[in-house]
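S.K.: Input work-v6.cif, format and content: mmCIF, C-alpha atoms.
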```cif
data_target
loop_
_atom_site.label_atom_id
_atom_site.label_comp_id
_atom_site.auth_asym_id
_atom_site.auth_seq_id
_atom_site.Cartn_x
_atom_site.Cartn_y
_atom_site.Cartn_z
CA MET A 27 20.97 -6.44 52.92
CA LYS A 28 18.54 -3.92 54.37
CA THR A 29 15.00 -3.90 52.98
CA SER A 30 15.40 -0.36 51.61
CA HIS A 31 18.58 -1.36 49.76
CA LEU A 32 16.82 -4.40 48.33
CA ILE A 33 13.90 -2.26 47.07
CA SER A 34 16.34 0.23 45.51
CA PHE A 35 18.18 -2.65 43.83
CA ILE A 36 14.91 -4.05 42.40
CA ILE A 37 13.89 -0.58 41.10
CA LEU A 38 17.32 -0.16 39.48
CA LEU A 39 17.01 -3.57 37.83
CA ALA A 40 13.52 -2.70 36.56
CA CYS A 41 14.75 0.62 35.14
CA LEU A 42 17.66 -1.11 33.40
CA SER A 43 15.39 -3.74 31.86
CA VAL A 44 12.92 -1.09 30.63
CA TYR A 45 15.83 0.89 29.12
CA SER A 46 17.25 -2.17 27.37
CA CYS A 47 13.84 -3.08 25.92
CA SER A 48 13.12 0.41 24.66
CA GLY A 49 16.11 0.59 22.28
CA SER A 50 18.57 3.41 21.93
CA GLY A 51 15.97 6.13 21.33
CA LYS A 52 18.27 7.77 18.80
CA LYS A 53 16.56 9.64 15.99
CA GLY A 54 17.73 10.55 12.53
CA THR A 55 16.46 11.67 9.13
CA TYR A 56 16.26 9.25 6.22
CA LYS A 57 16.01 10.92 2.83
CA ILE A 58 14.88 9.51 -0.49
CA GLU A 59 15.82 11.91 -3.26
CA LYS A 60 14.65 11.92 -6.86
CA ALA A 61 12.63 8.73 -6.74
CA ASN A 62 11.42 8.26 -10.32
CA PHE A 63 7.87 7.46 -11.36
CA THR A 64 6.72 6.85 -14.91
CA LEU A 65 3.11 6.67 -16.07
CA GLU A 66 3.32 5.19 -19.55
CA ALA A 67 1.12 6.60 -22.30
CA PRO A 68 -1.61 6.21 -23.35
CA LEU A 69 -3.11 7.43 -20.08
CA PHE A 70 -6.78 7.51 -19.22
CA GLY A 71 -8.58 10.05 -17.10
CA GLY A 72 -9.05 8.86 -13.50
CA ALA A 73 -6.75 7.19 -10.99
CA ASN A 74 -3.50 5.87 -12.46
CA SER A 75 -0.94 4.04 -10.33
CA THR A 76 2.82 4.14 -10.57
CA GLN A 77 5.49 2.79 -8.26
CA ALA A 78 9.18 3.19 -7.55
CA GLU A 79 11.22 0.45 -5.95
CA HIS A 80 13.51 1.69 -3.20
CA THR A 81 16.34 -0.32 -1.70
CA LEU A 82 16.83 0.69 1.90
CA ASP A 83 20.29 1.59 3.12
CA LEU A 84 20.43 2.71 6.73
CA SER A 85 24.22 2.41 7.05
CA ALA A 86 24.88 6.17 6.71
CA ILE A 87 22.27 7.15 9.28
CA LYS A 88 23.46 4.44 11.68
CA LYS A 89 27.03 5.67 11.30
CA GLU A 90 25.90 9.23 11.93
CA LEU A 91 24.09 8.13 15.08
CA GLY A 92 26.98 5.94 16.22
CA LEU A 93 24.98 2.72 16.01
CA ASP A 94 26.46 -0.59 14.94
CA ASP A 95 23.15 -2.36 14.65
CA GLY A 96 19.55 -2.13 15.80
CA GLU A 97 16.02 -2.20 14.50
CA VAL A 98 13.98 0.84 13.54
CA LYS A 99 11.41 1.24 16.33
CA SER A 100 9.45 4.13 14.91
CA ALA A 101 9.21 6.01 11.62
CA LYS A 102 7.15 8.95 10.36
CA LEU A 103 6.96 10.75 7.05
CA THR A 104 7.98 14.36 7.62
CA LYS A 105 8.19 15.70 4.07
CA ALA A 106 6.93 14.63 0.65
CA THR A 107 7.30 16.72 -2.47
CA ILE A 108 6.37 15.53 -5.96
CA TYR A 109 7.81 17.21 -9.05
CA PHE A 110 6.23 17.16 -12.53
CA GLN A 111 8.91 16.73 -15.22
CA ASP A 112 9.18 18.11 -18.77
CA SER A 113 6.15 20.13 -19.87
CA ALA A 114 3.76 18.44 -17.43
CA SER A 115 2.25 20.37 -14.54
CA THR A 116 -0.32 20.13 -11.79
CA ASP A 117 -2.96 21.19 -14.34
CA MET A 118 -3.04 17.57 -15.53
CA ALA A 119 -4.22 16.02 -12.27
CA ASN A 120 -6.89 16.39 -9.63
CA SER A 121 -5.03 14.70 -6.79
CA ILE A 122 -2.04 12.58 -5.77
CA VAL A 123 -2.04 9.94 -3.02
CA MET A 124 1.16 8.30 -1.77
CA SER A 125 1.41 4.89 -0.10
CA LEU A 126 4.18 2.50 0.91
CA ALA A 127 4.05 -1.21 0.13
CA GLY A 128 6.34 -4.16 0.73
CA ASP A 129 6.38 -7.90 0.17
CA ASN A 130 6.35 -8.65 3.91
CA VAL A 131 4.61 -5.53 5.21
CA ASN A 132 1.05 -4.33 4.79
CA MET A 133 0.46 -1.31 2.59
CA ALA A 134 0.22 2.03 4.38
CA GLN A 135 -1.42 5.13 2.99
CA LEU A 136 0.87 8.01 3.85
CA ALA A 137 0.06 11.33 2.24
CA VAL A 138 -2.32 13.17 -0.02
CA ALA A 139 -2.66 16.37 -2.03
CA ASN A 140 -6.24 17.08 -3.11
CA PRO A 141 -6.93 19.29 -4.97
CA LEU A 142 -3.65 20.30 -6.62
CA GLU A 143 -2.81 23.98 -6.92
CA ALA A 144 -3.07 24.90 -10.61
CA GLY A 145 -0.08 25.79 -12.81
CA LYS A 146 2.66 24.40 -10.55
CA LYS A 147 5.55 22.03 -11.21
CA GLU A 148 5.68 20.75 -7.65
CA VAL A 149 3.23 19.49 -5.07
CA VAL A 150 3.73 19.24 -1.33
CA LEU A 151 1.73 16.32 0.06
CA LYS A 152 0.04 16.43 3.44
CA GLY A 153 1.42 13.52 5.44
CA SER A 154 -0.38 11.30 7.92
CA SER A 155 0.56 11.96 11.51
CA GLU A 156 -0.71 8.55 12.61
CA ALA A 157 0.65 6.09 10.02
CA GLU A 158 3.28 3.97 11.75
CA ILE A 159 5.67 2.70 9.13
CA ALA A 160 8.66 1.41 11.12
CA ALA A 161 8.22 -2.11 9.69
CA PHE A 162 9.11 -0.85 6.19
CA PHE A 163 12.50 0.33 7.44
CA ASN A 164 13.36 -3.12 8.75
CA GLN A 165 13.05 -4.58 5.24
CA THR A 166 15.64 -4.43 2.50
CA MET A 167 13.25 -2.99 -0.07
CA MET A 168 9.96 -1.13 -0.31
CA TYR A 169 7.69 0.23 -3.03
CA ILE A 170 6.62 3.87 -3.06
CA VAL A 171 3.23 3.97 -4.75
CA LEU A 172 1.62 7.06 -6.25
CA ASP A 173 -2.02 7.19 -7.32
CA VAL A 174 -2.39 10.10 -9.69
CA ASP A 175 -5.96 11.10 -10.54
CA LEU A 176 -5.69 12.53 -14.05
CA LYS A 177 -8.25 15.03 -15.31
CA ASN A 178 -8.22 13.79 -18.92
CA ASP A 179 -6.86 11.12 -21.23
CA SER A 180 -3.31 11.82 -22.39
CA GLU A 181 -1.13 10.58 -25.23
CA SER A 182 2.05 11.63 -23.40
CA THR A 183 3.98 9.63 -20.83
CA LEU A 184 3.99 11.42 -17.49
CA ILE A 185 7.20 11.45 -15.47
CA LEU A 186 7.26 12.46 -11.82
CA THR A 187 10.03 12.55 -9.23
CA ALA A 188 9.71 12.63 -5.47
CA ASP A 189 11.81 13.84 -2.57
CA LEU A 190 10.84 12.27 0.73
CA GLU A 191 12.04 12.64 4.30
CA PHE A 192 11.33 10.34 7.20
CA GLU A 193 12.15 10.70 10.87
CA ILE A 194 13.25 7.32 12.12
CA GLU A 195 14.05 6.17 15.63
CA PHE A 196 16.21 3.20 16.61
CA MET B 25 21.61 -37.61 -14.02
CA LYS B 26 22.44 -40.19 -16.68
CA ASN B 27 19.49 -39.66 -18.96
CA PRO B 28 19.47 -36.07 -20.33
CA ILE B 29 15.94 -36.50 -21.74
CA LYS B 30 14.62 -37.29 -18.25
CA LEU B 31 16.33 -34.19 -16.90
CA LEU B 32 14.84 -32.05 -19.68
CA ILE B 33 11.34 -33.41 -18.94
CA ILE B 34 11.72 -32.65 -15.21
CA ILE B 35 12.92 -29.09 -15.90
CA THR B 36 10.06 -28.51 -18.37
CA LEU B 37 7.50 -29.80 -15.85
CA LEU B 38 8.96 -27.56 -13.12
CA PHE B 39 8.68 -24.46 -15.34
CA ALA B 40 5.18 -25.45 -16.43
CA SER B 41 3.97 -25.90 -12.84
CA ASN B 42 5.44 -22.50 -11.86
CA ALA B 43 3.69 -20.82 -14.79
CA THR B 44 0.37 -22.52 -13.89
CA PHE B 45 0.75 -21.40 -10.24
CA ALA B 46 1.32 -17.78 -11.31
CA GLN B 47 -1.63 -17.91 -13.71
CA GLN B 48 -3.95 -19.29 -11.01
CA ALA B 49 -2.80 -16.57 -8.60
CA ASP B 50 -3.48 -13.90 -11.23
CA ASP B 51 -7.02 -15.17 -11.86
CA LEU B 52 -8.05 -12.54 -9.32
CA VAL B 53 -6.87 -9.69 -11.54
CA GLY B 54 -9.72 -7.83 -13.24
CA VAL B 55 -12.60 -5.45 -12.61
CA TRP B 56 -15.25 -6.61 -10.13
CA GLU B 57 -18.60 -5.31 -8.90
CA PRO B 58 -19.93 -5.89 -5.35
CA SER B 59 -23.55 -6.99 -4.89
CA ASN B 60 -24.76 -3.45 -4.09
CA GLY B 61 -23.50 -2.22 -7.50
CA LYS B 62 -22.34 1.08 -5.98
CA VAL B 63 -18.71 0.75 -7.08
CA ARG B 64 -16.45 -1.18 -9.42
CA VAL B 65 -13.12 -2.39 -8.12
CA LYS B 66 -10.04 -3.13 -10.20
CA ILE B 67 -7.84 -5.79 -8.63
CA GLU B 68 -4.16 -5.56 -9.58
CA LYS B 69 -0.91 -7.17 -8.56
CA LEU B 70 1.75 -5.10 -6.85
CA GLY B 71 4.95 -6.96 -6.04
CA THR B 72 3.75 -10.37 -4.88
CA LYS B 73 0.41 -9.20 -3.46
CA TYR B 74 -3.01 -8.17 -4.76
CA PHE B 75 -4.78 -4.85 -4.24
CA GLY B 76 -8.17 -3.56 -5.34
CA ARG B 77 -9.04 0.07 -5.98
CA ILE B 78 -12.29 1.79 -6.85
CA VAL B 79 -12.33 2.75 -10.52
CA TRP B 80 -16.00 3.66 -10.86
CA LEU B 81 -18.71 4.98 -8.54
CA ARG B 82 -22.41 5.08 -9.26
CA ALA B 83 -22.66 8.34 -7.29
CA PRO B 84 -19.24 10.03 -7.51
CA ILE B 85 -20.38 13.42 -6.17
CA ASP B 86 -20.99 14.07 -2.48
CA SER B 87 -24.51 15.47 -2.13
CA VAL B 88 -23.48 17.72 0.78
CA THR B 89 -20.29 19.29 -0.61
CA ASN B 90 -21.25 18.94 -4.29
CA LYS B 91 -17.64 17.83 -4.91
CA PRO B 92 -16.13 14.41 -5.73
CA LYS B 93 -16.44 12.08 -2.74
CA VAL B 94 -13.47 11.87 -0.37
CA ASP B 95 -12.64 9.48 2.46
CA LYS B 96 -14.34 11.67 5.07
CA ASN B 97 -14.68 8.88 7.63
CA ASN B 98 -10.99 7.93 7.72
CA PRO B 99 -9.89 7.68 11.37
CA ASP B 100 -6.66 9.43 10.33
CA VAL B 101 -7.71 13.08 9.99
CA ALA B 102 -4.80 13.91 7.64
CA LEU B 103 -6.11 11.42 5.09
CA ARG B 104 -9.76 12.49 4.98
CA ASN B 105 -9.13 14.31 1.72
CA VAL B 106 -8.16 11.15 -0.19
CA PRO B 107 -10.52 10.75 -3.18
CA ILE B 108 -12.84 7.74 -3.05
CA LYS B 109 -12.42 7.24 -6.78
CA GLY B 110 -9.09 5.47 -7.00
CA PHE B 111 -9.17 4.44 -3.32
CA ARG B 112 -7.59 1.06 -2.49
CA LEU B 113 -10.16 -0.73 -0.39
CA LEU B 114 -8.67 -4.21 -0.84
CA LYS B 115 -5.09 -4.50 0.36
CA ASP B 116 -2.30 -7.03 0.78
CA PHE B 117 -3.89 -10.27 -0.43
CA SER B 118 -1.60 -13.26 -0.87
CA PHE B 119 -2.40 -16.26 -3.04
CA LYS B 120 -2.92 -19.20 -0.69
CA SER B 121 -4.15 -22.00 -2.91
CA VAL B 122 -6.26 -22.47 -6.03
CA GLY B 123 -9.16 -20.01 -5.78
CA GLU B 124 -8.19 -18.56 -2.41
CA TRP B 125 -6.44 -15.34 -1.40
CA THR B 126 -5.87 -14.52 2.26
CA GLU B 127 -4.11 -12.21 4.76
CA GLY B 128 -5.71 -9.12 3.21
CA THR B 129 -7.93 -6.34 4.49
CA ILE B 130 -11.05 -4.61 3.23
CA TYR B 131 -11.89 -1.00 4.06
CA ASP B 132 -15.43 0.30 4.33
CA PRO B 133 -15.43 4.02 3.38
CA GLU B 134 -18.98 4.37 4.74
CA ASN B 135 -17.77 3.95 8.33
CA GLY B 136 -13.97 4.22 8.09
CA SER B 137 -13.43 0.68 9.38
CA THR B 138 -10.89 -1.86 8.17
CA TYR B 139 -11.66 -5.58 8.41
CA SER B 140 -9.61 -8.72 7.92
CA CYS B 141 -10.65 -10.33 4.66
CA THR B 142 -10.40 -13.51 2.62
CA ILE B 143 -11.34 -13.97 -1.02
CA LYS B 144 -12.64 -17.22 -2.50
CA MET B 145 -13.23 -17.63 -6.20
CA LYS B 146 -16.40 -19.68 -6.73
CA ASP B 147 -15.90 -19.63 -10.48
CA LYS B 148 -13.87 -17.47 -12.88
CA ASN B 149 -16.46 -14.69 -12.66
CA THR B 150 -17.65 -14.86 -9.05
CA LEU B 151 -15.88 -14.01 -5.80
CA ASP B 152 -16.94 -14.54 -2.21
CA ILE B 153 -15.43 -11.65 -0.27
CA ARG B 154 -15.56 -12.27 3.47
CA GLY B 155 -14.81 -9.42 5.85
CA TYR B 156 -14.45 -10.15 9.55
CA ILE B 157 -13.12 -8.98 12.87
CA GLY B 158 -10.92 -11.39 14.79
CA ILE B 159 -11.95 -14.80 13.52
CA SER B 160 -13.55 -15.57 10.19
CA ALA B 161 -16.70 -17.02 11.82
CA PHE B 162 -17.77 -13.51 12.88
CA GLY B 163 -18.08 -11.80 9.56
CA ARG B 164 -20.11 -11.11 6.46
CA THR B 165 -19.72 -12.44 2.94
CA ASP B 166 -20.51 -10.45 -0.17
CA VAL B 167 -20.63 -11.83 -3.71
CA TRP B 168 -18.71 -9.87 -6.33
CA LYS B 169 -19.16 -10.40 -10.07
CA ARG B 170 -16.51 -9.91 -12.72
CA LEU B 171 -17.38 -7.09 -15.08
CA GLU B 172 -15.93 -8.65 -18.20
CA ILE B 173 -17.25 -12.20 -18.17
CA LYS B 174 -14.61 -14.87 -18.77
CA LYS B 175 -15.47 -18.20 -20.34
CA GLN B 176 -15.54 -21.01 -17.78
#
```
Would you give me this structure, written as structure tokens?

M.R.:
Amino acid sequence: MKTSHLISFIILLACLSVYSCSGSGKKGTYKIEKANFTLEAPLFGGANSTQAEHTLDLSAIKKELGLDDGEVKSAKLTKATIYFQDSASTDMANSIVMSLAGDNVNMAQLAVANPLEAGKKEVVLKGSSEAEIAAFFNQTMMYIVLDVDLKNDSESTLILTADLEFEIEF
Amino acid sequence: MKNPIKLLIIITLLFASNATFAQQADDLVGVWEPSNGKVRVKIEKLGTKYFGRIVWLRAPIDSVTNKPKVDKNNPDVALRNVPIKGFRLLKDFSFKSVGEWTEGTIYDPENGSTYSCTIKMKDKNTLDIRGYIGISAFGRTDVWKRLEIKKQ
């Protein structure tokens, strides 16, 4: 084998190995719709935490992308909207912070709205562009945590729902 | 097992030891004050891990903006508007053994840095909180006191 052919062969091998290590590179959108959060009364002014458990199911997105298997290599929050239910509105709170937590993954702070626009029923959170949360999508379950900073004490239970979208890459 | 009483005793002991384990792990739960007295931190359990968030600040208003303090030193620009009141500065602590919680982190809002951290309970009302980079030998320990004193 000529030296030039040998070098080409080695480069080809290197390219193949890099490709195989980098995964499929296929991207899709994972949606969590109407995640429910309840802050039980009595509530006290200041930061109050609530969480929703979410069982991950990537089968639909994998099917859509034509993948049989594979780990999530990268994930980013692309959209987070919180809805106040019943008679509650943004007038009740100063701010909302959203984080993800898991039993085998470290908590990640993901998005914030501070201050909240008055008189609204929905809040669009500003998401972190740097938080890398792929590890959560390789678990079977994660907790979505909301920290709601209430302006005053309240005798009413506060119910919130959330619609979230993540861009995930395999 | 031939003797049903023996079996009952073993099952009872197993349940009792599990309950004791959970109680010892939850000893960390409560409101604590660091030695500088600038904040009070409520430690709670979320899932199987422990987290601590600021529930009180001695100086809640930023003297420059005249607004409630936010996490202005966060390295992630998008999160610099997160309020300091309610901020989780202790994260992801697991119960290791009696009086010891490990594998967590502590965040310093004054410089936006996150450090590895271990917590040791000296007594029911005193914690040694050790923040470090890399290995535990290179770090600093602060003593935190429980706000509501528990009987020893």

S.K.: Please report, as JSON lines, each residue of chain B lying at most 10 Å from chain A, together with the nearest pair of atoms and the separation in Å rounded to one decimal; use all atoms listed in the file, and order rows by chain and ascending residue number.

M.R.:
```
{"residue": "B:Leu70", "atom": "CA", "partner": "A:Ala127", "partner_atom": "CA", "distance": 8.3}
{"residue": "B:Gly71", "atom": "CA", "partner": "A:Asp129", "partner_atom": "CA", "distance": 6.4}
{"residue": "B:Thr72", "atom": "CA", "partner": "A:Asp129", "partner_atom": "CA", "distance": 6.2}
{"residue": "B:Lys73", "atom": "CA", "partner": "A:Asp129", "partner_atom": "CA", "distance": 7.1}
{"residue": "B:Phe75", "atom": "CA", "partner": "A:Met133", "partner_atom": "CA", "distance": 9.3}
{"residue": "B:Arg77", "atom": "CA", "partner": "A:Ala73", "partner_atom": "CA", "distance": 9.0}
{"residue": "B:Ile78", "atom": "CA", "partner": "A:Ala73", "partner_atom": "CA", "distance": 8.8}
{"residue": "B:Val79", "atom": "CA", "partner": "A:Ala73", "partner_atom": "CA", "distance": 7.1}
{"residue": "B:Trp80", "atom": "CA", "partner": "A:Gly72", "partner_atom": "CA", "distance": 9.1}
{"residue": "B:Val94", "atom": "CA", "partner": "A:Asn140", "partner_atom": "CA", "distance": 9.3}
{"residue": "B:Pro99", "atom": "CA", "partner": "A:Glu156", "partner_atom": "CA", "distance": 9.3}
{"residue": "B:Asp100", "atom": "CA", "partner": "A:Glu156", "partner_atom": "CA", "distance": 6.4}
{"residue": "B:Val101", "atom": "CA", "partner": "A:Ser154", "partner_atom": "CA", "distance": 7.8}
{"residue": "B:Ala102", "atom": "CA", "partner": "A:Ser154", "partner_atom": "CA", "distance": 5.1}
{"residue": "B:Leu103", "atom": "CA", "partner": "A:Ser154", "partner_atom": "CA", "distance": 6.4}
{"residue": "B:Arg104", "atom": "CA", "partner": "A:Val138", "partner_atom": "CA", "distance": 9.0}
{"residue": "B:Asn105", "atom": "CA", "partner": "A:Asn140", "partner_atom": "CA", "distance": 6.3}
{"residue": "B:Val106", "atom": "CA", "partner": "A:Val138", "partner_atom": "CA", "distance": 6.2}
{"residue": "B:Pro107", "atom": "CA", "partner": "A:Asn140", "partner_atom": "CA", "distance": 7.6}
{"residue": "B:Lys109", "atom": "CA", "partner": "A:Ala73", "partner_atom": "CA", "distance": 7.1}
{"residue": "B:Gly110", "atom": "CA", "partner": "A:Ala73", "partner_atom": "CA", "distance": 4.9}
{"residue": "B:Phe111", "atom": "CA", "partner": "A:Ala73", "partner_atom": "CA", "distance": 8.5}
{"residue": "B:Arg112", "atom": "CA", "partner": "A:Gln135", "partner_atom": "CA", "distance": 9.2}
{"residue": "B:Lys115", "atom": "CA", "partner": "A:Met133", "partner_atom": "CA", "distance": 6.8}
{"residue": "B:Asp116", "atom": "CA", "partner": "A:Asn132", "partner_atom": "CA", "distance": 5.9}
{"residue": "B:Phe117", "atom": "CA", "partner": "A:Asn132", "partner_atom": "CA", "distance": 9.3}
{"residue": "B:Ser118", "atom": "CA", "partner": "A:Asp129", "partner_atom": "CA", "distance": 9.7}
{"residue": "B:Glu127", "atom": "CA", "partner": "A:Asn132", "partner_atom": "CA", "distance": 9.4}
{"residue": "B:Gly128", "atom": "CA", "partner": "A:Asn132", "partner_atom": "CA", "distance": 8.4}
{"residue": "B:Thr129", "atom": "CA", "partner": "A:Asn132", "partner_atom": "CA", "distance": 9.2}
```

S.K.: Hey, can you check how far atom CA of Asp147 of chain B sits from atom CA of Trp125 of chain B?

M.R.: 13.8 Å

S.K.: What separation in Å, quoted to one decimal, exists between atom CA of Val53 of chain B and atom CA of Phe162 of chain A?

M.R.: 25.5 Å

S.K.: I need the residue set behind the PyMOL selection byres ((chain B and resi 153-155) around 9) for this file; please write it as a PyMOL selection string.

M.R.: chain B and resi 58+129-130+138-145+151-152+156-157+160+162-168

S.K.: Between atom CA of Leu82 of chain A and atom CA of Gly51 of chain A, what distance in Å does the model show, to one decimal?

M.R.: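 Between atom CA of Leu82 of chain A and atom CA of Gly51 of chain A the gap works out to 20.2 Å.
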
S.K.: Would you pick out the contacts of Lys148 of chain B at 12 Å or less, using all atoms listed in the file, so that residues sharing its chain but fewer than 6 positions from it are not included, and give the list as a VMD selection string?

M.R.: chain B and resid 48 to 54 56 122 to 124 168 to 176

S.K.: Using only C-alpha atoms, can you tell me which of A:Thr55, A:Thr116, A:Ser100, A:Ser125 comes closest to Leu184 of chain A?

M.R.: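 Among the listed residues, the smallest separation from Leu184 of chain A belongs to A:Thr116.
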
S.K.: Find the residues near segment 145-148 of chain A: any atom within 6 Å, counting all atoms listed in the file, skip ones fewer than 3 places away on the same chain, and give them as JSON, numbers by chain.

M.R.: {"A": [108, 109, 110, 115, 116, 117]}

S.K.: I need the residue set behind the PyMOL selection byres ((chain A and resi 64-66) around 6) for this file; please write it as an MDAnalysis selection string.

M.R.: chainID A and resid 63 67 183:185

S.K.: For the point (11.5, 12.9, -2.3) in the file's frame, write as a PyMOL selection string all residues with an atom no more than 10 Å away, counting all atoms listed in the file.

M.R.: chain A and resi 57-62+105-109+187-192

S.K.: Store the residues picked out above in a file with C-alpha atoms, as a PDB file, in the coordinates of the input.

M.R.:
```pdb
ATOM      1  CA  LYS A  57      16.010  10.920   2.830  1.00  0.00           C
ATOM      2  CA  ILE A  58      14.880   9.510  -0.490  1.00  0.00           C
ATOM      3  CA  GLU A  59      15.820  11.910  -3.260  1.00  0.00           C
ATOM      4  CA  LYS A  60      14.650  11.920  -6.860  1.00  0.00           C
ATOM      5  CA  ALA A  61      12.630   8.730  -6.740  1.00  0.00           C
ATOM      6  CA  ASN A  62      11.420   8.260 -10.320  1.00  0.00           C
ATOM      7  CA  LYS A 105       8.190  15.700   4.070  1.00  0.00           C
ATOM      8  CA  ALA A 106       6.930  14.630   0.650  1.00  0.00           C
ATOM      9  CA  THR A 107       7.300  16.720  -2.470  1.00  0.00           C
ATOM     10  CA  ILE A 108       6.370  15.530  -5.960  1.00  0.00           C
ATOM     11  CA  TYR A 109       7.810  17.210  -9.050  1.00  0.00           C
ATOM     12  CA  THR A 187      10.030  12.550  -9.230  1.00  0.00           C
ATOM     13  CA  ALA A 188       9.710  12.630  -5.470  1.00  0.00           C
ATOM     14  CA  ASP A 189      11.810  13.840  -2.570  1.00  0.00           C
ATOM     15  CA  LEU A 190      10.840  12.270   0.730  1.00  0.00           C
ATOM     16  CA  GLU A 191      12.040  12.640   4.300  1.00  0.00           C
ATOM     17  CA  PHE A 192      11.330  10.340   7.200  1.00  0.00           C
TER      18      PHE A 192
END
```

S.K.: Starting from the shown file, work through the PyMOL selection byres ((chain A and resi 99) around 8) and note down what comes out as an MDAnalysis selection string.

M.R.: chainID A and resid 49 97:98 100:101 160 194:196

S.K.: Can you list, as a compact mmCIF listing (two decimals) with C-alpha atoms, keeping the file's coordinate frame, every protein, DNA or RNA residue that comes within 8 Å of Glu193 of chain A when you count all atoms listed in the file, leaving out same-chain residues fewer than 5 positions away?

M.R.:
```
# COMPACT_ATOMS: atom_id res chain seq x y z
CA LYS A 53 16.56 9.64 15.99
CA GLY A 54 17.73 10.55 12.53
CA THR A 55 16.46 11.67 9.13
CA TYR A 56 16.26 9.25 6.22
CA ALA A 101 9.21 6.01 11.62
CA LYS A 102 7.15 8.95 10.36
CA LEU A 103 6.96 10.75 7.05
CA THR A 104 7.98 14.36 7.62
```

S.K.: Could you please fill out segment 68-84 of chain A with N, CA and C atoms and send it back as a tab-separated table (two decimals), in the frame of the given file?

M.R.:
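rebuild_3.tsv was written with the following content:
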```
chain	number	residue	atom	x	y	z
A	68	PRO	N	-0.54	5.22	-23.52
A	68	PRO	CA	-1.61	6.21	-23.35
A	68	PRO	C	-2.17	6.17	-21.92
A	69	LEU	N	-2.55	7.34	-21.43
A	69	LEU	CA	-3.11	7.43	-20.08
A	69	LEU	C	-4.59	7.79	-20.17
A	70	PHE	N	-5.34	7.25	-19.24
A	70	PHE	CA	-6.78	7.51	-19.22
A	70	PHE	C	-7.15	8.36	-18.01
A	71	GLY	N	-8.12	9.23	-18.20
A	71	GLY	CA	-8.58	10.05	-17.10
A	71	GLY	C	-9.03	9.18	-15.93
A	72	GLY	N	-8.74	9.66	-14.69
A	72	GLY	CA	-9.05	8.86	-13.50
A	72	GLY	C	-7.76	8.45	-12.80
A	73	ALA	N	-7.91	7.57	-11.81
A	73	ALA	CA	-6.75	7.19	-10.99
A	73	ALA	C	-5.81	6.28	-11.77
A	74	ASN	N	-4.55	6.66	-11.82
A	74	ASN	CA	-3.50	5.87	-12.46
A	74	ASN	C	-2.41	5.61	-11.41
A	75	SER	N	-1.95	4.39	-11.34
A	75	SER	CA	-0.94	4.04	-10.33
A	75	SER	C	0.45	3.93	-10.95
A	76	THR	N	1.43	4.33	-10.18
A	76	THR	CA	2.82	4.14	-10.57
A	76	THR	C	3.62	3.86	-9.30
A	77	GLN	N	4.70	3.14	-9.45
A	77	GLN	CA	5.49	2.79	-8.26
A	77	GLN	C	6.98	2.90	-8.54
A	78	ALA	N	7.72	3.17	-7.47
A	78	ALA	CA	9.18	3.19	-7.55
A	78	ALA	C	9.69	2.23	-6.49
A	79	GLU	N	10.61	1.38	-6.90
A	79	GLU	CA	11.22	0.45	-5.95
A	79	GLU	C	12.35	1.17	-5.24
A	80	HIS	N	12.42	1.04	-3.93
A	80	HIS	CA	13.51	1.69	-3.20
A	80	HIS	C	14.23	0.68	-2.32
A	81	THR	N	15.53	0.56	-2.55
A	81	THR	CA	16.34	-0.32	-1.70
A	81	THR	C	16.81	0.48	-0.50
A	82	LEU	N	16.51	-0.04	0.67
A	82	LEU	CA	16.83	0.69	1.90
A	82	LEU	C	18.30	0.53	2.26
A	83	ASP	N	18.91	1.64	2.65
A	83	ASP	CA	20.29	1.59	3.12
A	83	ASP	C	20.40	2.52	4.33
A	84	LEU	N	20.40	1.91	5.50
A	84	LEU	CA	20.43	2.71	6.73
A	84	LEU	C	21.85	2.88	7.27
```
